[in-house]
Each structure stands twice: as C-alpha cells, then as structure tokens.
Amino acid sequence: MKKAVGIVICLVLLSASVVKGYASDRISLAHAAIAVSPQEPSYIRRAAQDLQAYLTAASGNQVPVLTTGTLPGAPTVIIVGKEMAASQHVKLGSSAGQTTLSASTHAGQTVIVVAGLDPHDTNMGLATFLQMIKVDGKLPYVDAPLDQHIVPNFAVRGIHLNGWPLAYPYAFRSWKEADWKRFIDIAWSERINLFYLWPFMEIIPTPLSAEDSAYLQEVHRVIEYAQQERGMTVWIMQSANRIALTDCGVKDPRSRAYWINGCQKDMNPADDLQFARIQKAFDAFYQIVNNADGYVFIDSDPGGWPQSPISDQLKIFMAARKILDRYSTKGSQAELIDWMHVGWGRHKLFTSTDSVLGSYDFSEPDESDNAFMTRTMRNFKDHLPEPWQLIAGQPPYLDPVKQESLLGKTVYLPYGAIEDEPAFPATNIDQKRVAAVFDRAEKYPGLLGVMGNNQLMLLQFPGTYYFFQTAWDKTYEHRSEREVLLDLAESLYPDQQELIADSFLALRETDADHIQKCLDRLAKVVESGDIGRLGPTGRFLFPDALSVARNLEKQLQIRAARQTLLKALNGKPDIQECSRLMENYFDKLLAWNKETGWNKMIAIDVWTGPIYEQGKDLTAALSRLKQLLAQGEPYTSYPQIDGFFRKISGDLESRYDADSVMIGCVEPMKLAVIQND
C-alpha cells in the first residue's frame, strides 16, 4: 500500500478577480482556464478534465485545459500539479500530511495552484477543490480568503461493498462495468483512496468457462480504471479456502447462487489434495485478476476450517505469495492482507465440516480472541515476507495491533457501522453510530486508515458521506445532522439542497402531514425530471441522475402511509378506513420490495423479521385496532382479526406474490395485533 506523503494544496491568488456586482470575498471561476503538465499521471489529467467539465457546465463558458508552462491570459488560471506549480516558481509546503490553502494577489490575474508533493496528494486536492466550488446563477466561485492548513484525519480511506443478491441497481453483484466505473467516480468525489473489491471468485469453478473468464476480465478492467483514472489503491477480497465445485447451473456469475452446498465448499489446507484445489483456483484467478495492489484473505465467513492451526493459514498465504510473484503486474510488491474477522480456525460453533457456512458466534471478541490475534500477527511477523498488512475487523482487535506495533500496517474496518448485513433496503440516518467509529479510532494514533462498508450504496449516501467527510476532517464529526444532510444535498443536487435535506430528515418524521407535504414537493420535482444542476457527486449518479431523489420519494411514500395509518388509529376510525389505510401501507411496502428485490430474500431464508417499522407508536396503534375489531366486546377473537386481514391479503395477492404478501406483511402484522395487550 502506498502511504500518503501528505497533501499540499496551495491556492495562490494573484488578483482579486472580482466580478462587478458580486462580493469581494469570492474568487470567480466564471472565466477560468486549467493548466496541467502532460507529465502528470493519467488520474491527475482525468481529475483536471472533471474540473473542466464541472466549471463549463456551471458557467456556460468553455473552460480550456492547457499543457504548457506559459499561463494563458484568462482572468483565472487553475494550475494543477507539482510540475506546473514549479514552472511558476510556487513553493509548496513540506509538512507531511498537510493541505495548505493560501491566497495572495499580483498583476491583475488570479492564479490558483492545486498541487501536492505527490501526485496522489494532488488527486485528492482536486477532489477537495471541487467540493469547495459554489455557484451563484451562472457564476462559479470559491470563497476567499484562502488560508487553510488541513491534515487529513486518516491517510487511507477505504470503501468495501458486500451484501445480498437484490435487484439492479441496488445490489453491486448486478452491476456491469459502466456501473462500477460510476461507483468509483462517486468514491473519488468523496476522497476515498482505497477500493476494496470482492469479485466473488469463490463461486467460479475451474477450469474457467468463457462466461467466467469474461467476467474476470471485466474485474481486471474495473481495477485498472480505479488505479489509472482515479489514482486509487485496489485490494481484492477473497476467502482463504472456499472454492467453487460447480457453477450451480448458472452461466453468468453475477446471477449465480452462493454459499450453496454442492456448489461451493471449504477446503482443508492440511489435506494435500484439498490444498492442491485451493492452489489451482488461485492460479486460474491470478492469471486474469493480476493487477490489484493487494489481495485480502478473510479468516472466516466465508471460509475457515475448524480447529485448523495458524500454520495452515500461513501456508495459504505463502502459496498465494508464490503464485502472485509469478503473475502479478506488481510482482513481489503485490501485498497480502489478513482480514482479522473471527480468527482462522476459531469457529466457536461449527455445525459440520460438510457445511459451507457452518454456525458462528459473532459476539464481540473477548481476551482469548485478542490473544489469538496476537499470535496470528506474530506468526506473520516471523514468517510472512513483506509486503503484508492487516484489516482490523473487530474494534477490540485494535488493542493487540497497537501492542504489536502494527498500527501503521492496519486499516480499521468496523463492519456494519453504516448499515447491517443483511438489512432491509432503507436509507439509514444514524450519525451516532458512525461517530462512534471515529471516537474509538482516534484513540489509536498512527492507525494507517479506516474503511466503511456498504450493502446498498445507492441508498446509504447519508451515512457514507458522513463517514468519509469525517475520515478526511475529524472536526466534521461534530456537525449537526441537518448540516451534514445539507452538505450532502449540495454535493448531489445543489439546486434542490433544502428539499433533499428535508426529505432525508422526513424518513424519521412522525407527523403524517409534514411527511406528506415534503413528499408532494419531492414528487413534483421527480415527475418533472428536472432536478437542476448536478453537484460534484451527483454528476456521477447511476443508473440515472434522478436515482437518489427517486429512491427518497419511494421511501417517503412508505413512511407517509405508515404515519397516516397510525394517525387514523389514534383518532376515531371505522374498520373500513383502517382496512384501506393498512392495505395502502402494505401496498407501498410491497412495491418497494419488488423494486429492490427484497421480496426474493424469502427464498434464501435470510428474511430478518417483519418489514414494517416497529416501535412504541406502532404498538399503541395496534392496541387501538384490536379494540376496534372487538366491536365493544371485552376480548378480540381470532376470527375477527383474521377476517380483517383476509380481505387485505386477497386484494394484495392480485398484485404481488403470495409469499411477499403473507410472510412479508400480513402475518407479522397479524401476529403483532394478536399478541398486543
């Protein structure tokens, strides 16, 4: 892993460049030119082009990108990179990890320099500069004065995707190459510099089919894009010992079932024949996916072997090292990384050696777990050739990492901080949960980096945005929820900033009328198809620019239906009104389940409980419904409750499949009414 030397962004203002009629505390970018050396890496030139496209769209003026050391006569020139800054005799700061934003004036021209001591620093400097740009009408600008000195909270800021096979575009397994590239663009805009990709090589049998080979070639190109176009470090995740036996009868690996007995199986590295199968799989994959910077082996889930010694884990790492030395474009510099999750061979409740998944205890590690991880780290230190690193997958593991003086080789991945797995597809608004990650991480100075994970990236912008803003700037942790959502909205849809922030907050609102008013405003914008100007992140949204707004609208429909039902139940409703409102609530839920593919989760037995939002307010409302169904009698009979829900289920089953209606909506709600006192 390349360690960040430190970002130095020097913005030198050589004149005020103030547009008549506008405040003098603005540096105008309305008539800008960009200068970047052709010797800069491809990802710097790509970022400069992004800046060009953004300013051109904002101002309506064509912004040229120049490659000579002679500055053009434009009112504002943005110099990009160390080489171009040197040609203008601009001295960059030398403090490691420091970002400097400074301004001065000279000779009637505004010159802005965005440059780092290292190209990767310049890359993040450009992403930062894009976030700073504001637009007033057709006049893009940045605030003045510019005199800031910023040290990134963490040098490494990684993103990992994991999750279940939901519908396109929600689940990453359904993405095609173009979608992956847009995701990488979004990650870059949020100053993420480590992309941790799971290609699911564990479900691809050898010898490779034409379809599987084509898929892995696509993975190779996605890695190349992240590295060359966005300057990211890329790690590949894989199980240490789970391999595919068959393709489960499905040619396209994107649609192939996983963790199915008979299709995939864990191999015992102590058995020579089984270990040979592990090596054969590695050999096939690494011939194609040979361009990653690092290869990560999770120590269990998926994979692992009960009571297997640490020496067998090292045996797998050494085999991977030998094969990578043969095929990797990075040669001996391709890194090996251990994801310290449960611990190799530490399955606390393993039901069968023939089971793919087994049964695990994922409670927080105790002292014996930490002692085991200490032995694991010492084994790597003594026997595993460099370069290698660690992922601390459980918060307590940071203590043994510190004790072994390995913080500088460790990325902290607090799995589930942004969203759980599996989780009902809904946008989380929970800053406290994310803030707790950084409260803990700050206690370990020298920690290399932090990593967030997503199941459903397109739904989790609030938590993800807050995570990576705080990973960059530790003071961001203390911004209020509304301030964060306003910042996020500006990065997505700046012309609808207040509406988008209000809509996110309305996902937790209890007042049905307030939710409906917000929903009506949002629905009008979505229906028009005109969301306005797209922000630094919004311009990369997929499958289309309205995706975040549309997902918000559909979730608000569910929230509005729920709160309208509760409002009626807390008033003086009749049974017919209750039935209509209950059916409407279920209808909105079922439509969303079908849209996201959550209805199919029943088939693979990972349904995580009732999909309606539980809470004291619902309990109280259902008590009122139970009384209403009793029709004045002291007790409510089962036939009364069953009859109420039978009509609702009959209507819904004409539009949705019976399992979704009954298991997902009717039966859980009916049971809640029955059990309600």
# chains A, B, ... in the order shown; residues from 1 in each chain; ligands from 1
call {"tool": "residues_around", "arguments": {"residues": "Cys263 (chain A)", "least_positions_apart": "4", "cutoff": "10 Å", "atoms": "only C-alpha atoms", "output": "list in words"}}
result
Glu202, Ile203, Ile204, Pro205, Ile243, Ala244, Leu245, Thr246, Asp247, Cys248, Gly249, Arg256, Ala257, Tyr258, Trp259 and Val356 of chain A
call {"tool": "write_last_selection", "arguments": {"atoms": "N, CA and C atoms", "output": "PDB file, in the first residue's frame"}}
result
ATOM      1  N   GLU A 202     -15.017 -17.063  -5.265  1.00  0.00           N
ATOM      2  CA  GLU A 202     -15.347 -18.328  -4.601  1.00  0.00           C
ATOM      3  C   GLU A 202     -16.488 -19.079  -5.290  1.00  0.00           C
ATOM      4  N   ILE A 203     -17.223 -18.437  -6.192  1.00  0.00           N
ATOM      5  CA  ILE A 203     -18.332 -19.110  -6.869  1.00  0.00           C
ATOM      6  C   ILE A 203     -17.979 -19.433  -8.319  1.00  0.00           C
ATOM      7  N   ILE A 204     -16.705 -19.279  -8.677  1.00  0.00           N
ATOM      8  CA  ILE A 204     -16.260 -19.511 -10.054  1.00  0.00           C
ATOM      9  C   ILE A 204     -15.410 -20.782 -10.094  1.00  0.00           C
ATOM     10  N   PRO A 205     -15.915 -21.848 -10.700  1.00  0.00           N
ATOM     11  CA  PRO A 205     -15.152 -23.100 -10.719  1.00  0.00           C
ATOM     12  C   PRO A 205     -14.058 -23.088 -11.788  1.00  0.00           C
ATOM     13  N   ILE A 243     -13.826 -22.715  -2.318  1.00  0.00           N
ATOM     14  CA  ILE A 243     -13.740 -22.772  -3.774  1.00  0.00           C
ATOM     15  C   ILE A 243     -15.059 -23.288  -4.344  1.00  0.00           C
ATOM     16  N   ALA A 244     -15.271 -23.035  -5.628  1.00  0.00           N
ATOM     17  CA  ALA A 244     -16.474 -23.495  -6.315  1.00  0.00           C
ATOM     18  C   ALA A 244     -16.249 -24.887  -6.882  1.00  0.00           C
ATOM     19  N   LEU A 245     -17.231 -25.750  -6.688  1.00  0.00           N
ATOM     20  CA  LEU A 245     -17.197 -27.083  -7.282  1.00  0.00           C
ATOM     21  C   LEU A 245     -17.915 -27.102  -8.623  1.00  0.00           C
ATOM     22  N   THR A 246     -19.012 -26.335  -8.721  1.00  0.00           N
ATOM     23  CA  THR A 246     -19.787 -26.238  -9.960  1.00  0.00           C
ATOM     24  C   THR A 246     -20.260 -24.796 -10.119  1.00  0.00           C
ATOM     25  N   ASP A 247     -20.894 -24.514 -11.259  1.00  0.00           N
ATOM     26  CA  ASP A 247     -21.459 -23.184 -11.474  1.00  0.00           C
ATOM     27  C   ASP A 247     -22.924 -23.115 -11.064  1.00  0.00           C
ATOM     28  N   CYS A 248     -23.410 -24.148 -10.356  1.00  0.00           N
ATOM     29  CA  CYS A 248     -24.806 -24.205  -9.888  1.00  0.00           C
ATOM     30  C   CYS A 248     -25.801 -24.141 -11.050  1.00  0.00           C
ATOM     31  N   GLY A 249     -25.339 -24.449 -12.256  1.00  0.00           N
ATOM     32  CA  GLY A 249     -26.228 -24.423 -13.397  1.00  0.00           C
ATOM     33  C   GLY A 249     -26.520 -23.037 -13.931  1.00  0.00           C
ATOM     34  N   ARG A 256     -25.310 -16.047 -10.164  1.00  0.00           N
ATOM     35  CA  ARG A 256     -25.099 -17.372  -9.589  1.00  0.00           C
ATOM     36  C   ARG A 256     -25.330 -17.367  -8.083  1.00  0.00           C
ATOM     37  N   ALA A 257     -26.010 -18.394  -7.606  1.00  0.00           N
ATOM     38  CA  ALA A 257     -26.235 -18.515  -6.162  1.00  0.00           C
ATOM     39  C   ALA A 257     -24.910 -18.772  -5.457  1.00  0.00           C
ATOM     40  N   TYR A 258     -24.849 -18.382  -4.209  1.00  0.00           N
ATOM     41  CA  TYR A 258     -23.623 -18.618  -3.465  1.00  0.00           C
ATOM     42  C   TYR A 258     -23.917 -19.136  -2.073  1.00  0.00           C
ATOM     43  N   TRP A 259     -22.911 -19.812  -1.522  1.00  0.00           N
ATOM     44  CA  TRP A 259     -22.940 -20.492  -0.252  1.00  0.00           C
ATOM     45  C   TRP A 259     -24.011 -21.592  -0.262  1.00  0.00           C
ATOM     46  N   VAL A 356     -21.151 -25.467   4.268  1.00  0.00           N
ATOM     47  CA  VAL A 356     -20.455 -24.329   3.673  1.00  0.00           C
ATOM     48  C   VAL A 356     -20.349 -23.192   4.680  1.00  0.00           C
TER      49      VAL A 356
END
call {"tool": "residues_around", "arguments": {"residues": "region 595-602 of chain A", "least_positions_apart": "5", "cutoff": "12 Å", "atoms": "only C-alpha atoms", "output": "PyMOL selection string"}}
result
chain A and resi 163-171+174+422-426+456+458-459+550-551+554-555+588-590+607-611+656-665
call {"tool": "write_last_selection", "arguments": {"atoms": "C-alpha atoms", "output": "compact mmCIF listing (two decimals), in the first residue's frame"}}
result
# COMPACT_ATOMS: atom_id res chain seq x y z
CA GLY A 163 -24.30 -7.75 0.51
CA TRP A 164 -27.04 -9.97 -0.81
CA PRO A 165 -28.34 -10.51 -4.35
CA LEU A 166 -31.01 -7.85 -4.63
CA ALA A 167 -32.30 -6.33 -7.87
CA TYR A 168 -30.41 -3.99 -10.17
CA PRO A 169 -29.11 -1.40 -9.43
CA TYR A 170 -29.30 -1.85 -5.66
CA ALA A 171 -27.03 -4.88 -5.25
CA SER A 174 -25.82 -6.97 -10.60
CA PRO A 422 -28.42 -8.31 5.55
CA ALA A 423 -30.58 -5.27 6.09
CA PHE A 424 -33.94 -4.17 4.76
CA PRO A 425 -33.23 -1.77 1.88
CA ALA A 426 -33.75 1.57 3.56
CA LEU A 456 -26.72 -0.89 -0.78
CA LEU A 458 -27.29 3.86 -3.71
CA LEU A 459 -29.42 4.06 -0.54
CA ARG A 550 -36.48 8.72 -6.80
CA ASN A 551 -35.40 6.33 -4.04
CA LYS A 554 -40.48 5.81 -2.72
CA GLN A 555 -39.26 5.51 0.86
CA LYS A 588 -46.25 0.83 -0.66
CA LEU A 589 -44.01 -1.66 1.16
CA LEU A 590 -44.61 -4.43 -1.35
CA TRP A 607 -35.61 -12.51 5.91
CA THR A 608 -34.71 -10.55 9.00
CA GLY A 609 -38.16 -10.20 10.53
CA PRO A 610 -41.20 -8.01 9.97
CA ILE A 611 -40.56 -5.37 7.35
CA TYR A 656 -47.92 -9.27 -5.61
CA ASP A 657 -46.79 -12.83 -4.96
CA ALA A 658 -48.38 -14.60 -2.03
CA ASP A 659 -45.14 -15.17 -0.09
CA SER A 660 -44.30 -11.46 -0.15
CA VAL A 661 -47.80 -10.53 0.97
CA MET A 662 -48.22 -13.11 3.72
CA ILE A 663 -44.69 -13.59 5.10
CA GLY A 664 -43.55 -10.05 4.49
CA CYS A 665 -46.59 -8.07 5.58
call {"tool": "residues_around", "arguments": {"residues": "region 297-302 of chain A", "least_positions_apart": "2", "cutoff": "6 Å", "atoms": "only C-alpha atoms", "output": "list in words"}}
result
Gln238, Ser239, Ala240, Gly304, Asp338, Trp339, Gly343 and Trp344 of chain A
call {"tool": "closest_residue", "arguments": {"among": "A:Met451, A:Ala53, A:Val219, A:Val434", "to": "Ala292 (chain A)", "atoms": "only C-alpha atoms"}}
result
A:Val219
call {"tool": "residues_around", "arguments": {"residues": "Asp283 (chain A)", "least_positions_apart": "6", "cutoff": "9 Å", "atoms": "only C-alpha atoms", "output": "NGL selection string"}}
result
:A and (320 or 323-324 or 327)
call {"tool": "residues_around", "arguments": {"residues": "Met582 (chain A)", "least_positions_apart": "6", "cutoff": "12 Å", "atoms": "only C-alpha atoms", "output": "MDAnalysis selection string"}}
result
chainID A and resid 558 560:569 575:576 588:589 612 621:622 625 644:649 651:652 665:666 669:670
call {"tool": "select_by_dssp", "arguments": {"residues": "region 338-529 of chain A", "states": "strand (DSSP E)", "output": "count of residues only"}}
result
17
call {"tool": "residues_around", "arguments": {"residues": "Asn370 (chain A)", "least_positions_apart": "6", "cutoff": "10 Å", "atoms": "only C-alpha atoms", "output": "list in words"}}
result
Gly343, Thr376, Gln394, Pro396, Tyr397, Leu398, Asp399, Pro400 and Val401 of chain A
call {"tool": "closest_atom_pairs", "arguments": {"of": "region 432-534 of chain A", "to": "region 138-159 of chain A", "cutoff": "6 Å", "atoms": "only C-alpha atoms", "output": "CSV"}}
result
residue,atom,partner,partner_atom,distance
A:Gly449,CA,A:Val156,CA,4.3
A:Val450,CA,A:Arg157,CA,5.4
A:Met451,CA,A:Gly158,CA,4.3
A:Gly452,CA,A:Ile159,CA,5.1
A:Asn453,CA,A:Ile159,CA,5.6
A:Ala471,CA,A:Asn153,CA,5.4
A:Trp472,CA,A:Pro152,CA,4.8
A:Asp473,CA,A:Asn153,CA,5.2
A:Lys474,CA,A:Asn153,CA,5.5
call {"tool": "atom_distance", "arguments": {"atom1": "CA of Val113 (chain A)", "atom2": "CA of Gly81 (chain A)"}}
result
7.6 Å
call {"tool": "select_by_dssp", "arguments": {"residues": "region 265-436 of chain A", "states": "helix (DSSP H, G or I)", "output": "PDB file with C-alpha atoms, in the first residue's frame"}}
result
ATOM      1  CA  ASP A 272      -2.796 -32.368   0.273  1.00  0.00           C
ATOM      2  CA  LEU A 273      -5.496 -32.953  -2.342  1.00  0.00           C
ATOM      3  CA  GLN A 274      -7.757 -30.229  -0.984  1.00  0.00           C
ATOM      4  CA  PHE A 275      -4.860 -27.793  -0.673  1.00  0.00           C
ATOM      5  CA  ALA A 276      -3.982 -28.502  -4.303  1.00  0.00           C
ATOM      6  CA  ARG A 277      -7.523 -27.443  -5.263  1.00  0.00           C
ATOM      7  CA  ILE A 278      -7.048 -24.154  -3.407  1.00  0.00           C
ATOM      8  CA  GLN A 279      -3.819 -23.528  -5.316  1.00  0.00           C
ATOM      9  CA  LYS A 280      -5.439 -24.435  -8.636  1.00  0.00           C
ATOM     10  CA  ALA A 281      -8.197 -21.866  -8.030  1.00  0.00           C
ATOM     11  CA  PHE A 282      -5.652 -19.172  -7.089  1.00  0.00           C
ATOM     12  CA  ASP A 283      -3.626 -19.931 -10.203  1.00  0.00           C
ATOM     13  CA  ALA A 284      -6.628 -19.552 -12.519  1.00  0.00           C
ATOM     14  CA  PHE A 285      -7.825 -16.317 -10.930  1.00  0.00           C
ATOM     15  CA  TYR A 286      -4.456 -14.588 -10.574  1.00  0.00           C
ATOM     16  CA  GLN A 287      -3.637 -15.123 -14.230  1.00  0.00           C
ATOM     17  CA  ILE A 288      -6.514 -12.742 -15.052  1.00  0.00           C
ATOM     18  CA  ILE A 310      -2.354 -20.813  12.382  1.00  0.00           C
ATOM     19  CA  SER A 311       0.387 -22.547  10.428  1.00  0.00           C
ATOM     20  CA  ASP A 312      -2.237 -23.667   7.887  1.00  0.00           C
ATOM     21  CA  GLN A 313      -3.396 -20.093   7.437  1.00  0.00           C
ATOM     22  CA  LEU A 314       0.220 -19.074   6.802  1.00  0.00           C
ATOM     23  CA  LYS A 315       0.515 -21.987   4.362  1.00  0.00           C
ATOM     24  CA  ILE A 316      -2.312 -20.476   2.262  1.00  0.00           C
ATOM     25  CA  PHE A 317      -0.723 -17.023   2.356  1.00  0.00           C
ATOM     26  CA  MET A 318       2.637 -18.414   1.254  1.00  0.00           C
ATOM     27  CA  ALA A 319       1.013 -20.278  -1.646  1.00  0.00           C
ATOM     28  CA  ALA A 320      -0.724 -17.090  -2.759  1.00  0.00           C
ATOM     29  CA  ARG A 321       2.593 -15.223  -2.481  1.00  0.00           C
ATOM     30  CA  LYS A 322       4.311 -17.706  -4.770  1.00  0.00           C
ATOM     31  CA  ILE A 323       1.545 -17.575  -7.406  1.00  0.00           C
ATOM     32  CA  LEU A 324       1.291 -13.782  -7.303  1.00  0.00           C
ATOM     33  CA  ASP A 325       5.041 -13.454  -7.751  1.00  0.00           C
ATOM     34  CA  ARG A 326       4.537 -15.369 -10.993  1.00  0.00           C
ATOM     35  CA  TYR A 327       1.537 -13.485 -12.409  1.00  0.00           C
ATOM     36  CA  GLY A 331       5.448  -8.541  -8.901  1.00  0.00           C
ATOM     37  CA  SER A 332       6.754  -9.027  -5.397  1.00  0.00           C
ATOM     38  CA  GLN A 333       5.195  -5.694  -4.384  1.00  0.00           C
ATOM     39  CA  GLU A 367      -9.472 -11.543  25.812  1.00  0.00           C
ATOM     40  CA  SER A 368      -8.874 -15.030  24.395  1.00  0.00           C
ATOM     41  CA  ASP A 369      -9.784 -13.787  20.903  1.00  0.00           C
ATOM     42  CA  ASN A 370      -7.360 -10.889  21.226  1.00  0.00           C
ATOM     43  CA  ALA A 371      -4.630 -13.224  22.437  1.00  0.00           C
ATOM     44  CA  PHE A 372      -5.269 -15.421  19.405  1.00  0.00           C
ATOM     45  CA  MET A 373      -4.966 -12.428  17.077  1.00  0.00           C
ATOM     46  CA  THR A 374      -1.703 -11.510  18.788  1.00  0.00           C
ATOM     47  CA  ARG A 375      -0.339 -14.973  17.955  1.00  0.00           C
ATOM     48  CA  THR A 376      -1.573 -14.576  14.373  1.00  0.00           C
ATOM     49  CA  MET A 377       0.218 -11.249  13.962  1.00  0.00           C
ATOM     50  CA  ARG A 378       3.429 -12.596  15.472  1.00  0.00           C
ATOM     51  CA  ASN A 379       3.283 -15.545  13.092  1.00  0.00           C
ATOM     52  CA  PHE A 380       3.063 -13.152  10.141  1.00  0.00           C
ATOM     53  CA  LYS A 381       5.880 -11.007  11.506  1.00  0.00           C
ATOM     54  CA  ASP A 382       8.117 -14.049  11.884  1.00  0.00           C
ATOM     55  CA  HIS A 383       7.314 -15.932   8.682  1.00  0.00           C
ATOM     56  CA  PRO A 395     -12.999  -2.974  17.431  1.00  0.00           C
ATOM     57  CA  PRO A 396     -11.154  -4.834  20.251  1.00  0.00           C
ATOM     58  CA  TYR A 397      -8.502  -6.050  17.786  1.00  0.00           C
ATOM     59  CA  LEU A 398      -7.048  -2.542  17.736  1.00  0.00           C
ATOM     60  CA  ASP A 399      -5.522  -3.206  21.160  1.00  0.00           C
ATOM     61  CA  PRO A 400      -3.342  -6.193  20.128  1.00  0.00           C
ATOM     62  CA  VAL A 401      -2.486  -4.364  16.886  1.00  0.00           C
ATOM     63  CA  LYS A 402      -1.177  -1.489  18.990  1.00  0.00           C
ATOM     64  CA  GLN A 403       0.678  -3.826  21.344  1.00  0.00           C
ATOM     65  CA  LEU A 407      -0.956   0.310  13.690  1.00  0.00           C
ATOM     66  CA  GLY A 408       0.948   1.680  10.693  1.00  0.00           C
ATOM     67  CA  LYS A 409       0.122  -1.517   8.784  1.00  0.00           C
ATOM     68  CA  GLN A 431     -24.723   9.707  12.766  1.00  0.00           C
ATOM     69  CA  LYS A 432     -24.105   8.497  16.318  1.00  0.00           C
ATOM     70  CA  ARG A 433     -23.341   5.012  15.084  1.00  0.00           C
ATOM     71  CA  VAL A 434     -20.783   6.299  12.598  1.00  0.00           C
ATOM     72  CA  ALA A 435     -19.318   8.846  15.018  1.00  0.00           C
ATOM     73  CA  ALA A 436     -18.588   6.031  17.483  1.00  0.00           C
TER      74      ALA A 436
END
call {"tool": "residues_around", "arguments": {"residues": "Lys572 (chain A)", "least_positions_apart": "5", "cutoff": "10 Å", "atoms": "only C-alpha atoms", "output": "ChimeraX atom specification"}}
result
/A:567,577,624,628
